[in-house]
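Undergrad: mmCIF, C-alpha atoms and all ligand atoms, file target_17.cif:
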```
data_query
#
loop_
_atom_site.label_atom_id
_atom_site.label_comp_id
_atom_site.auth_asym_id
_atom_site.auth_seq_id
_atom_site.Cartn_x
_atom_site.Cartn_y
_atom_site.Cartn_z
CA MET A 1 0.00 0.00 0.00
CA LYS A 2 1.35 3.42 -0.98
CA MET A 3 0.85 6.61 1.01
CA ILE A 4 0.27 9.89 -0.83
CA LEU A 5 0.00 13.53 0.25
CA ASP A 6 -2.21 16.14 -1.37
CA GLU A 7 -1.40 19.85 -1.79
CA ARG A 8 -2.93 20.57 1.64
CA GLY A 9 -0.67 18.04 3.38
CA LYS A 10 -3.53 15.56 3.85
CA LYS A 11 -2.40 11.91 3.82
CA TYR A 12 -4.13 8.98 2.09
CA ILE A 13 -3.33 5.29 2.05
CA LEU A 14 -4.12 3.73 -1.33
CA LYS A 15 -5.63 0.38 -2.10
CA PRO A 16 -3.27 -1.44 -4.50
CA GLY A 17 -4.59 -1.55 -8.07
CA ALA A 18 -7.47 0.87 -7.43
CA GLU A 19 -7.93 4.40 -8.73
CA PHE A 20 -7.82 7.16 -6.13
CA GLN A 21 -10.74 9.55 -5.74
CA SER A 22 -10.94 12.69 -3.63
CA ASP A 23 -12.42 16.19 -3.73
CA LEU A 24 -9.25 17.19 -5.63
CA GLY A 25 -9.98 14.75 -8.44
CA ILE A 26 -9.26 11.22 -9.62
CA VAL A 27 -5.86 9.62 -10.21
CA LYS A 28 -5.87 6.49 -12.35
CA ALA A 29 -4.65 3.18 -10.88
CA ASP A 30 -1.94 2.56 -13.51
CA VAL A 31 -0.43 6.04 -12.86
CA LEU A 32 -0.28 5.31 -9.13
CA ASP A 33 1.08 1.80 -9.55
CA ASN A 34 4.01 3.07 -11.66
CA ALA A 35 4.84 6.05 -9.42
CA GLN A 36 7.92 5.90 -7.22
CA ILE A 37 8.65 7.57 -3.87
CA GLY A 38 9.01 11.37 -4.34
CA ASP A 39 7.09 11.37 -7.69
CA GLU A 40 4.25 13.81 -8.18
CA VAL A 41 1.09 12.62 -9.91
CA LYS A 42 -1.78 14.77 -11.16
CA SER A 43 -5.51 14.25 -10.81
CA HIS A 44 -7.89 14.86 -13.72
CA LEU A 45 -8.57 18.27 -12.09
CA ASP A 46 -4.82 19.06 -12.29
CA HIS A 47 -4.18 18.85 -8.55
CA SER A 48 -0.85 17.33 -7.41
CA PHE A 49 -0.30 14.38 -5.12
CA LYS A 50 3.11 13.26 -3.93
CA ILE A 51 4.08 9.64 -3.22
CA VAL A 52 5.61 9.80 0.26
CA LYS A 53 5.88 6.16 1.22
CA PRO A 54 6.11 3.33 -1.29
CA ASN A 55 4.91 0.83 1.25
CA VAL A 56 3.22 1.80 4.52
CA ASN A 57 4.24 -1.51 6.00
CA ASP A 58 7.87 -0.37 5.81
CA PHE A 59 9.52 -0.33 9.19
CA ILE A 60 10.13 2.99 10.89
CA ARG A 61 13.73 4.14 11.27
CA VAL A 62 14.65 6.90 13.75
CA VAL A 63 17.85 8.87 14.38
CA ASP A 64 18.16 10.51 17.81
CA ALA A 65 20.88 12.83 19.21
CA GLY A 66 22.19 13.35 21.85
CA THR A 67 21.36 10.23 23.70
CA GLY A 68 21.99 11.52 27.24
CA ALA A 69 20.72 8.84 29.59
CA GLY A 70 18.64 7.38 26.75
CA ALA A 71 15.13 8.42 27.86
CA ILE A 72 13.77 9.54 24.48
CA ALA A 73 15.66 6.79 22.62
CA LEU A 74 13.89 4.26 24.85
CA HIS A 75 10.56 5.89 24.06
CA PHE A 76 11.22 5.69 20.30
CA GLY A 77 12.46 2.11 20.63
CA ASN A 78 9.21 1.20 22.29
CA VAL A 79 7.06 3.00 19.70
CA VAL A 80 8.71 1.65 16.52
CA GLY A 81 8.52 -1.95 17.70
CA LEU A 82 10.90 -4.83 17.15
CA GLN A 83 11.09 -4.43 13.39
CA GLY A 84 11.79 -0.69 13.54
CA LYS A 85 15.22 0.69 14.43
CA VAL A 86 16.58 3.60 16.46
CA PHE A 87 20.14 4.93 15.97
CA THR A 88 21.08 7.22 18.84
CA TYR A 89 24.26 9.39 18.82
CA GLU A 90 26.08 10.46 21.98
CA ILE A 91 29.33 12.44 21.89
CA ARG A 92 30.42 11.50 25.45
CA GLU A 93 31.70 7.99 26.01
CA ASP A 94 30.60 7.89 29.67
CA PHE A 95 27.03 8.96 28.76
CA ALA A 96 26.90 6.44 25.91
CA GLU A 97 27.83 3.68 28.39
CA VAL A 98 25.12 4.77 30.85
CA ALA A 99 22.56 4.84 28.04
CA HIS A 100 23.67 1.37 26.93
CA ARG A 101 23.10 0.04 30.44
CA ASN A 102 19.72 1.75 30.78
CA ILE A 103 18.55 0.36 27.45
CA ASP A 104 19.77 -3.16 28.31
CA ASN A 105 17.96 -2.96 31.67
CA PHE A 106 14.69 -2.33 29.83
CA GLY A 107 15.36 -5.33 27.56
CA ILE A 108 14.89 -3.24 24.39
CA THR A 109 16.90 -4.61 21.46
CA ASN A 110 16.14 -2.29 18.55
CA ILE A 111 18.29 0.67 19.69
CA GLU A 112 21.89 1.15 18.53
CA VAL A 113 23.87 3.54 20.74
CA LYS A 114 26.65 5.24 18.75
CA ASN A 115 29.44 7.01 20.65
CA LYS A 116 29.84 9.64 17.92
CA ASN A 117 29.57 13.38 17.33
CA ILE A 118 26.54 13.63 15.04
CA LYS A 119 27.93 16.88 13.65
CA GLU A 120 30.64 14.81 11.92
CA GLY A 121 27.95 13.14 9.82
CA ILE A 122 24.78 11.04 9.94
CA ASP A 123 25.68 7.52 8.79
CA GLU A 124 22.13 6.38 8.07
CA ASN A 125 19.76 7.05 5.15
CA ASN A 126 16.04 6.36 4.59
CA ILE A 127 15.17 7.74 8.00
CA ASP A 128 11.56 8.56 8.95
CA LEU A 129 12.26 10.76 11.98
CA ILE A 130 15.34 12.64 13.19
CA PHE A 131 15.06 14.00 16.73
CA LEU A 132 17.70 16.46 17.95
CA ASP A 133 18.20 17.47 21.57
CA LEU A 134 21.62 19.12 21.54
CA PRO A 135 23.12 22.63 21.27
CA LYS A 136 22.80 24.40 17.88
CA PRO A 137 20.83 21.58 16.20
CA PHE A 138 20.38 23.75 13.06
CA GLU A 139 24.07 23.23 12.20
CA ILE A 140 23.19 19.79 10.81
CA PHE A 141 19.83 20.44 9.14
CA GLU A 142 21.41 20.02 5.69
CA GLU A 143 22.59 16.50 6.61
CA VAL A 144 19.19 15.84 8.21
CA MET A 145 17.51 16.74 4.90
CA GLU A 146 19.75 14.26 3.06
CA SER A 147 19.14 11.40 5.50
CA LEU A 148 15.35 11.75 5.70
CA ASN A 149 12.87 9.90 3.53
CA VAL A 150 10.43 12.04 1.59
CA GLY A 151 7.59 12.60 4.06
CA GLY A 152 9.99 12.19 7.00
CA TRP A 153 10.07 14.48 10.01
CA LEU A 154 12.69 16.57 11.76
CA ALA A 155 11.88 17.24 15.42
CA VAL A 156 13.93 19.44 17.74
CA TYR A 157 13.74 19.99 21.46
CA ALA A 158 15.15 23.41 22.44
CA PRO A 159 15.14 24.91 25.93
CA TYR A 160 15.45 28.48 24.60
CA ILE A 161 13.30 30.51 22.20
CA ASP A 162 16.41 31.74 20.35
CA GLN A 163 17.43 28.17 19.43
CA ALA A 164 13.91 27.33 18.34
CA GLU A 165 13.73 30.51 16.26
CA THR A 166 17.09 29.91 14.50
CA SER A 167 16.01 26.32 13.87
CA TYR A 168 12.80 27.60 12.29
CA ARG A 169 14.61 30.06 10.02
CA VAL A 170 17.27 27.54 8.92
CA ALA A 171 14.67 24.82 8.28
CA LYS A 172 12.64 27.27 6.17
CA LYS A 173 15.69 28.35 4.16
CA LEU A 174 16.55 24.70 3.43
CA GLY A 175 13.07 23.98 2.10
CA PHE A 176 11.45 22.02 4.94
CA TYR A 177 7.64 22.15 5.00
CA ASP A 178 4.97 22.29 7.72
CA ILE A 179 7.36 23.95 10.17
CA GLU A 180 5.87 24.69 13.56
CA ILE A 181 7.05 25.40 17.08
CA ILE A 182 4.98 24.48 20.10
CA GLU A 183 5.27 25.01 23.81
CA THR A 184 3.16 22.99 26.19
CA LEU A 185 1.87 24.55 29.38
CA GLU A 186 -0.05 22.45 31.86
CA ARG A 187 -2.52 24.11 34.22
CA GLY A 188 -4.73 21.97 36.41
CA LEU A 189 -8.13 23.16 37.60
CA GLU A 190 -9.42 22.76 41.13
CA VAL A 191 -13.06 22.25 41.96
CA ARG A 192 -14.00 24.05 45.21
CA THR A 193 -17.30 24.54 46.97
CA GLN A 194 -17.27 28.20 45.89
CA GLY A 195 -16.36 27.49 42.27
CA VAL A 196 -13.76 26.18 39.85
CA ARG A 197 -10.43 27.92 39.27
CA PRO A 198 -6.84 27.21 38.10
CA LYS A 199 -4.52 25.59 40.62
CA THR A 200 -1.96 28.04 42.04
CA ARG A 201 1.00 25.99 40.84
CA MET A 202 1.47 24.84 37.26
CA VAL A 203 4.09 23.47 34.86
CA GLY A 204 4.94 26.88 33.38
CA HIS A 205 7.69 25.85 30.98
CA SER A 206 9.41 22.70 29.81
CA GLY A 207 10.94 23.57 26.44
CA TYR A 208 10.09 24.28 22.82
CA LEU A 209 9.43 21.60 20.23
CA LEU A 210 9.96 22.30 16.57
CA PHE A 211 8.59 20.01 13.87
CA ALA A 212 9.41 20.23 10.16
CA ARG A 213 8.89 17.93 7.23
CA LYS A 214 10.78 16.92 4.10
CA LEU A 215 8.40 16.78 1.12
C1 LIG B 301 19.93 17.32 26.96
S1 LIG B 301 20.90 15.93 26.75
C2 LIG B 301 19.84 14.82 25.86
C3 LIG B 301 18.86 14.07 26.72
C4 LIG B 301 18.26 12.91 25.97
N1 LIG B 301 17.57 13.32 24.79
C5 LIG B 301 17.37 12.05 26.85
O1 LIG B 301 16.23 11.78 26.45
O2 LIG B 301 17.80 11.61 27.93
C6 LIG B 301 22.00 16.41 25.46
C7 LIG B 301 23.04 15.35 25.13
O3 LIG B 301 23.60 15.63 23.86
C8 LIG B 301 24.96 15.23 23.86
N2 LIG B 301 25.58 15.94 22.73
C9 LIG B 301 25.89 17.25 22.65
N3 LIG B 301 26.39 17.53 21.44
C10 LIG B 301 26.40 16.36 20.74
C11 LIG B 301 26.82 15.99 19.43
N4 LIG B 301 27.34 16.89 18.61
N5 LIG B 301 26.68 14.70 19.03
C12 LIG B 301 26.17 13.77 19.87
N6 LIG B 301 25.76 14.06 21.14
C13 LIG B 301 25.88 15.33 21.56
C14 LIG B 301 25.42 15.66 25.25
O4 LIG B 301 26.59 14.97 25.65
C15 LIG B 301 24.20 15.28 26.11
O5 LIG B 301 24.31 13.98 26.59
#
```
What's the structure tokens form of this structure?
TA:
Amino acid sequence: MKMILDERGKKYILKPGAEFQSDLGIVKADVLDNAQIGDEVKSHLDHSFKIVKPNVNDFIRVVDAGTGAGAIALHFGNVVGLQGKVFTYEIREDFAEVAHRNIDNFGITNIEVKNKNIKEGIDENNIDLIFLDLPKPFEIFEEVMESLNVGGWLAVYAPYIDQAETSYRVAKKLGFYDIEIIETLERGLEVRTQGVRPKTRMVGHSGYLLFARKL
């Protein structure tokens, strides 16, 4: 089954051998069957659709840096399942060893810890997600673009607005799509006899998350 994206960024999974119909028009089955990843096909109404995944059953491959203690790498390892793969880069040997131990303790086998400076190059290609949690992540966005699959995501965690902003500007200049930055604030509500109001204490800041897509 192929996955395609329309001009609005909406995703569709196609039935093999069937024509595709949407409000943006019809694309014939033989056109879709012969299209490769990255190709653009047109509907009879002249709208474009891009083939972003040749086979949605493909296994998900993630690159993560830096590893730190391995918390987010463990999360990704859990999400992608045994047939997916996570490559996590850590510049410090002592941290890489700690992460190794933590990952082994959880019994997760699909994570490869690499004691390597990711700024010297990303070894892997055909990656679906690259997550960066390190200083000046934007310095490697060009390499990120090369390593990602079409339709793949770049995600950045930045503790400061300035880093998130520079990441946004660099990603835009390099031609990433769907770029957004979010901050999550958590404010609980308390229900009192007199009424309902926000709790006095809240999680006021954790960090900024930037997401961007290669199309
Ligand atoms: C904030 S911690 C990451 C925490 C981690 N994401 C987790 O979930 O536990 C940042 C890590 O990036 C590593 N680091 C910094 N620059 C790096 C680089 N160029 N390549 C690889 N790792 C790097 C640091 O040694 C540090 O362990």
Undergrad: Could you name the residues that touch Tyr168 in chain A at 8 Å or less, counting all atoms listed in the file, but leaving out those on the same chain fewer than 3 positions away, as a PyMOL selection string?
TA: chain A and resi 164-165+171-172+179-181+210
Undergrad: Let me make sure I understand: among A:Thr200, A:Asn117, A:Asn102, A:Ser167, which one has the smallest atom-to-atom distance to Gly188 in chain A if we use only C-alpha atoms?
TA: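 Between A:Thr200, A:Asn117, A:Asn102, A:Ser167, the residue approaching Gly188 in chain A most closely is A:Thr200.
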Undergrad: Could you tell me which of A:Ile103, A:Leu215, A:Ile37, A:Leu45 comes closest to ligand LIG 301 (chain B) if we count all atoms listed in the file?
TA: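 The closest residue to ligand LIG 301 (chain B) is A:Ile103.
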Undergrad: Skip Ala29 in chain A itself and residues of its chain fewer than 2 positions away, then list as number ranges by chain all residues within 12 Å of it, counting all atoms listed in the file.
TA: A: 2, 14-21, 26-27, 31-35, 41-43
Undergrad: Gln83 in chain A: which residues within 9 Å, counting only C-alpha atoms, same-chain residues fewer than 4 positions away excluded, as a PDB file with C-alpha atoms, in the frame of the given file?
TA:
```
ATOM      1  CA  PHE A  59       9.520  -0.330   9.190  1.00  0.00           C
ATOM      2  CA  ILE A  60      10.130   2.990  10.890  1.00  0.00           C
ATOM      3  CA  ASN A 110      16.140  -2.290  18.550  1.00  0.00           C
TER       4      ASN A 110
END
```
Undergrad: Rank A:Lys114, A:His205, A:Arg169, A:Arg192 by their smallest atom-to-atom distance to ligand LIG 301 (chain B), using all atoms listed in the file, and report the top residue only.
TA: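 Closest candidate: A:Lys114.
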Undergrad: Provide an axis-aligned box for all listed atoms of ligand LIG 301 (chain B), padding each side by 8 Å; report its centre and its edge lengths in Å to one decimal, as AutoDock Vina command-line options.
TA:
```
--center_x 21.8 --center_y 14.6 --center_z 23.3 --size_x 27.1 --size_y 21.9 --size_z 25.3
```
Undergrad: What are the nearest atom pairs, with distances in Å to one decimal, for all residues of chain A that come at most 7 Å from ligand LIG 301 (chain B), using all atoms listed in the file, set out by chain and rising residue number as JSON lines?
TA:
```
{"residue": "A:Ala65", "atom": "CA", "partner": "B:LIG301", "partner_atom": "N6", "distance": 5.4}
{"residue": "A:Gly66", "atom": "CA", "partner": "B:LIG301", "partner_atom": "O3", "distance": 3.4}
{"residue": "A:Thr67", "atom": "CA", "partner": "B:LIG301", "partner_atom": "C4", "distance": 4.7}
{"residue": "A:Gly68", "atom": "CA", "partner": "B:LIG301", "partner_atom": "O5", "distance": 3.4}
{"residue": "A:Ala69", "atom": "CA", "partner": "B:LIG301", "partner_atom": "O2", "distance": 4.4}
{"residue": "A:Gly70", "atom": "CA", "partner": "B:LIG301", "partner_atom": "O2", "distance": 4.5}
{"residue": "A:Ala71", "atom": "CA", "partner": "B:LIG301", "partner_atom": "O1", "distance": 3.8}
{"residue": "A:Ile72", "atom": "CA", "partner": "B:LIG301", "partner_atom": "O1", "distance": 3.9}
{"residue": "A:Ala73", "atom": "CA", "partner": "B:LIG301", "partner_atom": "O1", "distance": 6.3}
{"residue": "A:Tyr89", "atom": "CA", "partner": "B:LIG301", "partner_atom": "C12", "distance": 4.9}
{"residue": "A:Glu90", "atom": "CA", "partner": "B:LIG301", "partner_atom": "N6", "distance": 3.7}
{"residue": "A:Ile91", "atom": "CA", "partner": "B:LIG301", "partner_atom": "C12", "distance": 4.0}
{"residue": "A:Arg92", "atom": "CA", "partner": "B:LIG301", "partner_atom": "O4", "distance": 5.2}
{"residue": "A:Phe95", "atom": "CA", "partner": "B:LIG301", "partner_atom": "O5", "distance": 6.1}
{"residue": "A:Lys116", "atom": "CA", "partner": "B:LIG301", "partner_atom": "C12", "distance": 5.9}
{"residue": "A:Asn117", "atom": "CA", "partner": "B:LIG301", "partner_atom": "N5", "distance": 3.6}
{"residue": "A:Ile118", "atom": "CA", "partner": "B:LIG301", "partner_atom": "N5", "distance": 4.1}
{"residue": "A:Lys119", "atom": "CA", "partner": "B:LIG301", "partner_atom": "N4", "distance": 5.0}
{"residue": "A:Asp133", "atom": "CA", "partner": "B:LIG301", "partner_atom": "N1", "distance": 5.3}
{"residue": "A:Leu134", "atom": "CA", "partner": "B:LIG301", "partner_atom": "O3", "distance": 4.6}
{"residue": "A:Pro135", "atom": "CA", "partner": "B:LIG301", "partner_atom": "N3", "distance": 6.1}
```
Undergrad: So which residues touch Tyr157 in chain A within 7 Å, counting only C-alpha atoms, skipping near sequence neighbours fewer than 2 positions away, as a PyMOL selection string?
TA: chain A and resi 132-133+155+159+207-210
Undergrad: Please write as number ranges by chain the list of polymer residues whose atoms come within 6 Å of (18.1, 2.9, 16.2), counting only C-alpha atoms and keeping to the coordinates of the file.
TA: A: 62, 85-88, 111-112
Undergrad: Quick one: write out the picked residues with C-alpha atoms as a compact mmCIF listing (two decimals), in the coordinates of the input?
TA:
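Result file is again.txt:
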```txt
# COMPACT_ATOMS: atom_id res chain seq x y z
CA VAL A 62 14.65 6.90 13.75
CA LYS A 85 15.22 0.69 14.43
CA VAL A 86 16.58 3.60 16.46
CA PHE A 87 20.14 4.93 15.97
CA THR A 88 21.08 7.22 18.84
CA ILE A 111 18.29 0.67 19.69
CA GLU A 112 21.89 1.15 18.53
```
Undergrad: Which residues are near Asp178 in chain A? Cut-off 9 Å, only C-alpha atoms, ignore same chain within fewer than 3 positions. Put them as a ChimeraX atom specification.
TA: /A:9,211-214
Undergrad: Keeping only C-alpha atoms, write those residues as a PDB file, keeping the file's coordinate frame.
TA:
```pdb
ATOM      1  CA  GLY A   9      -0.670  18.040   3.380  1.00  0.00           C
ATOM      2  CA  PHE A 211       8.590  20.010  13.870  1.00  0.00           C
ATOM      3  CA  ALA A 212       9.410  20.230  10.160  1.00  0.00           C
ATOM      4  CA  ARG A 213       8.890  17.930   7.230  1.00  0.00           C
ATOM      5  CA  LYS A 214      10.780  16.920   4.100  1.00  0.00           C
TER       6      LYS A 214
END
```
Undergrad: Report the distance between CA of Glu143 in chain A and CA of Ile130 in chain A in Å, rounded to one decimal place.
TA: 10.5 Å
Undergrad: Between CA of Asn78 in chain A and CA of Asn125 in chain A, what distance in Å does the model show, to one decimal?
TA: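 Those two atoms sit 21.0 Å apart.
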Undergrad: Quick one: distance from CA of Asp30 in chain A to CA of Ile51 in chain A in Å, one decimal?
TA: 13.9 Å
Undergrad: Ranking A:Glu142, A:Glu183, A:Tyr177, A:Gln36 by minimum distance to Arg8 in chain A and counting all atoms listed in the file, which one comes first?
TA: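 Nearest candidate to Arg8 in chain A out of A:Glu142, A:Glu183, A:Tyr177, A:Gln36: A:Tyr177.
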Undergrad: Could N, CA and C atoms be built for range 167-192 of chain A and written out as a compact mmCIF listing (two decimals), keeping the file's coordinate frame?
TA:
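part-v3.txt, freshly written:
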```txt
# COMPACT_ATOMS: atom_id res chain seq x y z
N SER A 167 16.35 27.60 14.51
CA SER A 167 16.01 26.32 13.87
C SER A 167 14.90 26.52 12.84
N TYR A 168 13.92 27.32 13.20
CA TYR A 168 12.80 27.60 12.29
C TYR A 168 13.31 28.26 11.01
N ARG A 169 14.14 29.29 11.18
CA ARG A 169 14.61 30.06 10.02
C ARG A 169 15.49 29.20 9.11
N VAL A 170 16.38 28.38 9.73
CA VAL A 170 17.27 27.54 8.92
C VAL A 170 16.44 26.46 8.19
N ALA A 171 15.49 25.87 8.90
CA ALA A 171 14.67 24.82 8.28
C ALA A 171 13.90 25.41 7.08
N LYS A 172 13.40 26.62 7.25
CA LYS A 172 12.64 27.27 6.17
C LYS A 172 13.54 27.52 4.96
N LYS A 173 14.75 28.03 5.24
CA LYS A 173 15.69 28.35 4.16
C LYS A 173 16.06 27.07 3.38
N LEU A 174 16.14 25.95 4.09
CA LEU A 174 16.55 24.70 3.43
C LEU A 174 15.39 24.01 2.71
N GLY A 175 14.18 24.55 2.86
CA GLY A 175 13.07 23.98 2.10
C GLY A 175 12.25 22.94 2.84
N PHE A 176 12.35 22.90 4.17
CA PHE A 176 11.45 22.02 4.94
C PHE A 176 10.03 22.59 4.87
N TYR A 177 9.05 21.74 5.03
CA TYR A 177 7.64 22.15 5.00
C TYR A 177 7.01 21.97 6.38
N ASP A 178 5.80 22.50 6.52
CA ASP A 178 4.97 22.29 7.72
C ASP A 178 5.75 22.59 9.01
N ILE A 179 6.52 23.67 9.00
CA ILE A 179 7.36 23.95 10.17
C ILE A 179 6.51 24.60 11.27
N GLU A 180 6.57 24.05 12.45
CA GLU A 180 5.87 24.69 13.56
C GLU A 180 6.64 24.50 14.86
N ILE A 181 6.44 25.49 15.75
CA ILE A 181 7.05 25.40 17.08
C ILE A 181 5.91 25.37 18.09
N ILE A 182 6.01 24.49 19.06
CA ILE A 182 4.98 24.48 20.10
C ILE A 182 5.64 24.51 21.48
N GLU A 183 4.89 25.05 22.42
CA GLU A 183 5.27 25.01 23.81
C GLU A 183 4.07 24.46 24.55
N THR A 184 4.29 23.55 25.45
CA THR A 184 3.16 22.99 26.19
C THR A 184 3.15 23.52 27.61
N LEU A 185 2.04 24.09 28.00
CA LEU A 185 1.87 24.55 29.38
C LEU A 185 0.77 23.69 30.00
N GLU A 186 0.96 23.30 31.24
CA GLU A 186 -0.05 22.45 31.86
C GLU A 186 -0.60 23.15 33.10
N ARG A 187 -1.91 23.42 33.09
CA ARG A 187 -2.52 24.11 34.22
C ARG A 187 -3.73 23.30 34.69
N GLY A 188 -3.61 22.74 35.86
CA GLY A 188 -4.73 21.97 36.41
C GLY A 188 -5.82 22.91 36.93
N LEU A 189 -7.03 22.38 37.02
CA LEU A 189 -8.13 23.16 37.60
C LEU A 189 -8.55 22.53 38.92
N GLU A 190 -8.93 23.35 39.88
CA GLU A 190 -9.42 22.76 41.13
C GLU A 190 -10.90 23.10 41.31
N VAL A 191 -11.61 22.08 41.76
CA VAL A 191 -13.06 22.25 41.96
C VAL A 191 -13.30 22.49 43.44
N ARG A 192 -13.75 23.70 43.80
CA ARG A 192 -14.00 24.05 45.21
C ARG A 192 -15.49 24.21 45.44
```
